[in-house]
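To start, the structure itself, in structure tokens.
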Amino acid sequence: MADSFQEMTEDILSHPLFLQMKDCPHHGGENSLYIHSVDTAKCAYRLARRFGLKEDRVRAVTRAALLHDFFGYDWQSERHRRYMHRYSGWQRIKHMHAFIHGSHAAHRASRVFDLDQRQMDAISSHMFPLASWPKNSEAWLLTLADKMVASKEMGETVGWYVKGWCHKLTPEYRQYKQ
């Protein structure tokens, strides 16, 4: 019998390190890394079902999607900025968060959860074309799901900011400013 999304992911969703991601902002607006990861996993799960993947591959891509941003550091922190100042030129670009966080997430996730090589490859390459070429169906589906969810989130974030700007332009605001 086919496992549900909840059955495939309950051990990850309840893990204390994964729950910490609720406090990490992501893609602006009111979004968190936790919400982004869950939405990406749900999207990957639906895509895998729609494309008729076997049950073990549906489970693999769903769990990989849930852990694709499980990198475990604040890339906007002062500590990360200091880390980046070690590098210059091309080396600095190669060490930017967008290029490295997939491999960091794969290594960290494999230490905490039981992942196979296909899942690790999917997590490592989810930032294609900024990361390596996706090597398997799980990697391609994760990459697609992440791009779909991130695009939606960025659109919502732009709307969130535009709404704030428009609010400032209301007659009451203009009258108050004068």
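Chain labels follow the order of the structure tokens: the first chain is A, the next B, and so on; residue numbering restarts at 1 in every chain, and ligands are counted from 1 in their shown order.
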Just the helix (DSSP H, G or I) stuff from region 29-171 of chain A, please, per backbone DSSP, written as number ranges by chain. A: 33-50, 55-66, 78-84, 89-94, 97-112, 117-125, 137-168, 171
When you look at region 2-8 of chain A with a cut-off of 9 Å (counting only C-alpha atoms), what residues show up, excluding the ones that are within fewer than 5 positions of it in the same chain? I need them as a short mmCIF file (atom, residue, chain, number, x, y, z; two decimals) with N, CA and C atoms, in the first residue's frame.
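Saved result, out20.cif, follows:
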data_model
loop_
_atom_site.label_atom_id
_atom_site.label_comp_id
_atom_site.auth_asym_id
_atom_site.auth_seq_id
_atom_site.Cartn_x
_atom_site.Cartn_y
_atom_site.Cartn_z
N LEU A 13 9.85 15.56 10.31
CA LEU A 13 9.03 16.70 10.73
C LEU A 13 9.02 16.90 12.25
N ALA A 41 8.72 19.66 -0.32
CA ALA A 41 8.52 18.21 -0.19
C ALA A 41 7.13 17.80 -0.67
N LYS A 42 6.12 18.58 -0.33
CA LYS A 42 4.75 18.27 -0.80
C LYS A 42 4.66 18.37 -2.32
N TYR A 45 6.48 15.36 -3.78
CA TYR A 45 5.63 14.18 -3.57
C TYR A 45 4.55 14.11 -4.65
N GLU A 55 7.09 3.39 -5.50
CA GLU A 55 6.87 3.85 -4.13
C GLU A 55 8.18 4.21 -3.42
N ARG A 59 9.13 7.98 -1.99
CA ARG A 59 9.59 8.21 -0.62
C ARG A 59 10.95 8.90 -0.62
N ALA A 60 11.85 8.45 -1.48
CA ALA A 60 13.19 9.02 -1.54
C ALA A 60 13.17 10.50 -1.92
N THR A 62 10.65 12.59 -1.75
CA THR A 62 9.92 13.37 -0.76
C THR A 62 10.81 13.70 0.43
N ARG A 63 11.53 12.71 0.93
CA ARG A 63 12.42 12.92 2.08
C ARG A 63 13.60 13.83 1.69
#
Tell me which of A:Ile12, A:Leu53, A:Ile93, A:Leu67 sits closest to Glu138 (chain A), counting only C-alpha atoms. A:Leu53
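By only C-alpha atoms, and with residues fewer than 3 positions from Asp23 (chain A) along its chain excluded, the set lying at most 8 Å from it is A:Gln20, A:Ser32, A:Leu33, A:Tyr34.
Minimum atom-to-atom distances from A:His97, A:Arg50, A:Arg111, A:His126 to His68 (chain A) were compared using only C-alpha atoms, and the lowest value belongs to A:His126.
Comparing the minimum interatomic distances between Phe128 (chain A) and each of A:Trp140, A:Tyr83, A:Phe71, A:Trp90, counting only C-alpha atoms, we find that A:Trp140 sits nearest.
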Separating CA of Leu141 (chain A) from CA of Val61 (chain A), to the nearest tenth of an Å, is a gap of 7.3 Å
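Between Leu66 (chain A) and the residues A:Glu156, A:Glu78, A:Glu10, A:Asp121, the shortest atom-to-atom distance, using only C-alpha atoms, involves A:Glu10.
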